[in-house]
Amino acid sequence: MPAYTSDAEPIRVAIVGTGAIARGSHLPALASLAAEQPLEIVAAVDVDAVSAKAFCADAGAGRPYTDLGLMLAEQQPDLVTLCTPPRFHRDQTIAALRAGAWVWCEKPPCPSLEDFDAIEAAEGPESGGPFAAIVFQHRFGSGSGHVRELLAEQSMGRPLVAHCQTTWYRDEAYYAVPWRGKWSTEGGGPAMGHGIHQMDLLLDLLGPWSEIRAMAGRLVHDIETEDVSTALVRFENGTMATIVNSVLSPDEVSRIRIDCERATVELTHLYGHRNADWRITPAPGVTPEQFDAWNDFGPDVPSSHEAQLRGLLDDMRAGRRPRSSGSDGRTSLELVAALYKAAFTGQTVRAGEIAAGDPYYSALHGDAEGWAPASQDGAPAPGSVARDELPGPQ
């Protein structure tokens, strides 16, 4: 059961990993929400004691720690936000859940479906949690919410054709950082670490997928993972989609396009979107009144960590499962795993087929020849903490 019992009682938050994403996204979101509701930062944890101390000083709150277990025991936070690399997410999330804390974990969620299922198994009862949610902030905001409703109601007709594009650029200096481009530490290539945001948004808009075919390649970088992938996906509602994830594209863009029977809806942005980033093009015969209704996005609420966290805090107070947790959070990781399996085996992969016993269930590379690493990095010690060293968006 949560430690808070009313809307007037503050939710006590601990940040684990005090690198760029914690400072640039989590701390501003927490500070903004603390101005409108009872909320307090009680701790920051980092393997680097100096960084943890500096983070608390910058936040003007919280006690610094280098030991996650000690922090959980002493502070008993209600919410833990994880800003550490993917290889730490399973052990750290489970430790927080067992201590009674809800968890909000940065993407990528964790290195395998096996890890994700272990996390879900450690959650509390559906009647109150605690639960573990993934940071998929592109789902949130007024634009995605409006388009989700239009598609669910089929106001623009049935969705038929879709395109999901994450074409970014990462140079040799990016991959010179020792843990990048490796399965055990970065969790995967652009499909996992970069394109998962747009893929998650596409799934949130269109619903469950049914089958996928894919290709992946290392066209430029000397790394374990891929640097580009393409996929063809069929959704349960019949929509046929293409997906492109790349770190080889100097003209960087994130884009989703969905062609429906009566209109095309497009989102073009890079690391976050507002209402103005969405465009609807009507088919011939659509009335001006109908077109105006489709274009009424309401007050502009940008996609952001703050937008997602606001909803998560509401869910905590209500004791209900938040979005992007459980099966809702797992769907994006399952699609990524299926993309890799389809690419590395040349097979069509169907939703639900990657289960215990499948090599792609326990590792995204599936031990595939030419893709599996020659040797695995050592597993992190239980309770250890690392911080996200990225200077900006992945």
# chains A, B, ... in the order shown; residues from 1 in each chain; ligands from 1
$ residues_around --residues "Gly17 in chain A" --least-positions-apart "6" --cutoff "12 Å" --atoms "only C-alpha atoms" --output "MDAnalysis selection string"
chainID A and resid 23 26:27 43:49 51:53 55:56 64:68 80:86 88:89 92 105:106 384:390
$ write_last_selection --atoms "N, CA, C and O atoms" --output "compact mmCIF listing (two decimals), in the first residue's frame"
# COMPACT_ATOMS: atom_id res chain seq x y z
N ARG A 23 18.67 15.53 -14.98
CA ARG A 23 18.76 16.97 -14.80
C ARG A 23 17.92 17.74 -15.82
O ARG A 23 17.30 18.75 -15.50
N HIS A 26 13.69 15.06 -15.93
CA HIS A 26 12.96 14.64 -14.72
C HIS A 26 12.88 15.74 -13.68
O HIS A 26 11.80 15.99 -13.12
N LEU A 27 14.01 16.39 -13.40
CA LEU A 27 14.00 17.43 -12.37
C LEU A 27 13.08 18.60 -12.74
O LEU A 27 12.28 19.04 -11.91
N ALA A 43 15.36 12.17 -2.16
CA ALA A 43 16.69 11.56 -2.31
C ALA A 43 17.11 11.55 -3.77
O ALA A 43 16.28 11.59 -4.68
N ALA A 44 18.42 11.47 -3.96
CA ALA A 44 19.01 11.24 -5.28
C ALA A 44 20.12 10.21 -5.09
O ALA A 44 20.90 10.29 -4.13
N VAL A 45 20.18 9.23 -6.00
CA VAL A 45 21.14 8.14 -5.88
C VAL A 45 22.02 8.10 -7.12
O VAL A 45 21.51 8.18 -8.25
N ASP A 46 23.32 7.98 -6.92
CA ASP A 46 24.25 7.87 -8.04
C ASP A 46 25.51 7.17 -7.57
O ASP A 46 25.92 7.32 -6.41
N VAL A 47 26.14 6.42 -8.46
CA VAL A 47 27.40 5.78 -8.14
C VAL A 47 28.49 6.80 -7.86
O VAL A 47 29.44 6.55 -7.13
N ASP A 48 28.30 8.01 -8.41
CA ASP A 48 29.22 9.13 -8.19
C ASP A 48 28.65 10.00 -7.07
O ASP A 48 27.66 10.70 -7.25
N ALA A 49 29.28 9.94 -5.91
CA ALA A 49 28.79 10.68 -4.75
C ALA A 49 28.76 12.18 -5.00
O ALA A 49 27.86 12.89 -4.54
N SER A 51 28.27 13.71 -7.87
CA SER A 51 27.13 14.02 -8.73
C SER A 51 25.82 13.98 -7.95
O SER A 51 24.95 14.85 -8.12
N ALA A 52 25.65 13.00 -7.09
CA ALA A 52 24.43 12.91 -6.29
C ALA A 52 24.28 14.12 -5.38
O ALA A 52 23.19 14.69 -5.25
N LYS A 53 25.38 14.53 -4.77
CA LYS A 53 25.35 15.69 -3.88
C LYS A 53 25.04 16.96 -4.66
O LYS A 53 24.22 17.79 -4.22
N PHE A 55 23.40 17.17 -7.47
CA PHE A 55 22.01 17.12 -7.92
C PHE A 55 21.08 17.61 -6.82
O PHE A 55 20.16 18.40 -7.07
N CYS A 56 21.29 17.14 -5.60
CA CYS A 56 20.43 17.57 -4.49
C CYS A 56 20.58 19.06 -4.23
O CYS A 56 19.60 19.75 -3.92
N PRO A 64 21.58 12.94 -0.69
CA PRO A 64 22.34 12.15 -1.67
C PRO A 64 22.74 10.79 -1.13
O PRO A 64 23.06 10.63 0.05
N TYR A 65 22.70 9.77 -2.03
CA TYR A 65 23.10 8.40 -1.70
C TYR A 65 23.93 7.83 -2.84
O TYR A 65 23.80 8.25 -4.00
N THR A 66 24.73 6.84 -2.50
CA THR A 66 25.39 6.02 -3.53
C THR A 66 24.89 4.58 -3.50
O THR A 66 25.26 3.79 -4.36
N ASP A 67 24.05 4.25 -2.55
CA ASP A 67 23.54 2.89 -2.38
C ASP A 67 22.02 2.90 -2.49
O ASP A 67 21.33 3.50 -1.66
N LEU A 68 21.49 2.23 -3.52
CA LEU A 68 20.04 2.22 -3.74
C LEU A 68 19.31 1.53 -2.59
O LEU A 68 18.29 2.03 -2.11
N VAL A 80 9.97 6.14 -7.39
CA VAL A 80 11.37 6.16 -7.81
C VAL A 80 11.41 6.40 -9.30
O VAL A 80 10.76 5.68 -10.07
N THR A 81 12.13 7.42 -9.73
CA THR A 81 12.32 7.64 -11.17
C THR A 81 13.72 7.15 -11.53
O THR A 81 14.71 7.57 -10.92
N LEU A 82 13.78 6.23 -12.50
CA LEU A 82 15.05 5.61 -12.90
C LEU A 82 15.60 6.30 -14.13
O LEU A 82 14.97 6.30 -15.19
N CYS A 83 16.80 6.84 -14.01
CA CYS A 83 17.48 7.53 -15.11
C CYS A 83 18.83 6.88 -15.37
O CYS A 83 19.83 7.56 -15.61
N THR A 84 18.87 5.57 -15.32
CA THR A 84 20.10 4.80 -15.47
C THR A 84 20.06 4.04 -16.79
O THR A 84 19.01 3.90 -17.41
N PRO A 85 21.21 3.51 -17.26
CA PRO A 85 21.24 2.73 -18.50
C PRO A 85 20.37 1.47 -18.40
O PRO A 85 20.12 0.96 -17.31
N PRO A 86 19.94 0.94 -19.56
CA PRO A 86 18.98 -0.17 -19.57
C PRO A 86 19.41 -1.41 -18.80
O PRO A 86 18.56 -2.10 -18.22
N PHE A 88 20.64 -1.80 -16.02
CA PHE A 88 20.37 -1.72 -14.60
C PHE A 88 18.87 -1.75 -14.27
O PHE A 88 18.50 -1.88 -13.11
N HIS A 89 18.02 -1.59 -15.28
CA HIS A 89 16.61 -1.33 -15.02
C HIS A 89 15.90 -2.48 -14.30
O HIS A 89 15.07 -2.25 -13.43
N GLN A 92 17.06 -2.71 -10.47
CA GLN A 92 16.70 -1.50 -9.73
C GLN A 92 15.18 -1.36 -9.61
O GLN A 92 14.67 -0.96 -8.56
N CYS A 105 10.40 4.53 -15.17
CA CYS A 105 11.71 4.13 -15.70
C CYS A 105 11.93 4.69 -17.10
O CYS A 105 11.08 4.53 -17.98
N GLU A 106 13.09 5.28 -17.31
CA GLU A 106 13.43 5.79 -18.64
C GLU A 106 13.49 4.65 -19.66
O GLU A 106 13.80 3.52 -19.34
N SER A 384 23.44 -1.98 -7.54
CA SER A 384 24.39 -0.98 -8.01
C SER A 384 23.67 0.09 -8.81
O SER A 384 22.58 -0.10 -9.29
N VAL A 385 24.30 1.23 -8.94
CA VAL A 385 23.67 2.37 -9.59
C VAL A 385 24.64 2.98 -10.57
O VAL A 385 25.81 3.17 -10.28
N ALA A 386 24.16 3.25 -11.77
CA ALA A 386 24.93 4.02 -12.73
C ALA A 386 24.04 5.13 -13.21
O ALA A 386 22.83 5.10 -13.05
N ARG A 387 24.60 6.13 -13.81
CA ARG A 387 23.77 7.23 -14.28
C ARG A 387 23.88 7.35 -15.79
O ARG A 387 24.84 6.91 -16.41
N ASP A 388 22.87 7.93 -16.38
CA ASP A 388 22.81 8.13 -17.81
C ASP A 388 23.74 9.27 -18.18
O ASP A 388 23.52 10.41 -17.79
N GLU A 389 24.80 8.96 -18.92
CA GLU A 389 25.81 9.98 -19.24
C GLU A 389 25.51 10.73 -20.54
O GLU A 389 26.31 11.52 -20.99
N LEU A 390 24.36 10.45 -21.16
CA LEU A 390 24.08 11.07 -22.45
C LEU A 390 23.98 12.58 -22.34
O LEU A 390 23.34 13.11 -21.43
$ residues_around --residues "range 283-286 of chain A" --least-positions-apart "4" --cutoff "12 Å" --atoms "only C-alpha atoms" --output "NGL selection string"
:A and (155-157 or 259-265 or 290-294)
$ write_last_selection --atoms "C-alpha atoms" --output "compact mmCIF listing (two decimals), in the first residue's frame"
# COMPACT_ATOMS: atom_id res chain seq x y z
CA SER A 155 -14.01 10.02 -37.53
CA MET A 156 -11.67 10.14 -40.52
CA GLY A 157 -12.66 6.64 -41.61
CA ASP A 259 -3.69 7.58 -44.20
CA CYS A 260 -7.35 7.01 -43.37
CA GLU A 261 -10.33 6.71 -45.69
CA ARG A 262 -11.24 10.39 -45.39
CA ALA A 263 -8.00 12.12 -44.36
CA THR A 264 -4.26 11.86 -43.84
CA VAL A 265 -2.89 12.82 -40.44
CA GLN A 290 -15.92 18.35 -40.47
CA PHE A 291 -12.40 19.44 -41.33
CA ASP A 292 -12.56 22.22 -38.71
CA ALA A 293 -13.71 19.73 -36.09
CA TRP A 294 -10.78 17.43 -36.87
$ residues_around --residues "range 177-190 of chain A" --least-positions-apart "4" --cutoff "6 Å" --atoms "only C-alpha atoms" --output "list in words"
Arg87, Pro111, His194, Gly195, Ile223, Glu224, Thr225, Glu226, Asp227, Asn245 and Ser246 of chain A
$ closest_residue --among "A:Arg350, A:Arg158, A:Lys341, A:Arg170" --to "Arg234 in chain A" --atoms "only C-alpha atoms"
A:Arg350
$ select_by_dssp --residues "range 89-304 of chain A" --states "helix (DSSP H, G or I)" --output "ChimeraX atom specification"
/A:89-98,113-121,137-139,142-153,172-175,183-186,190-193,196-206,275-277,288-294
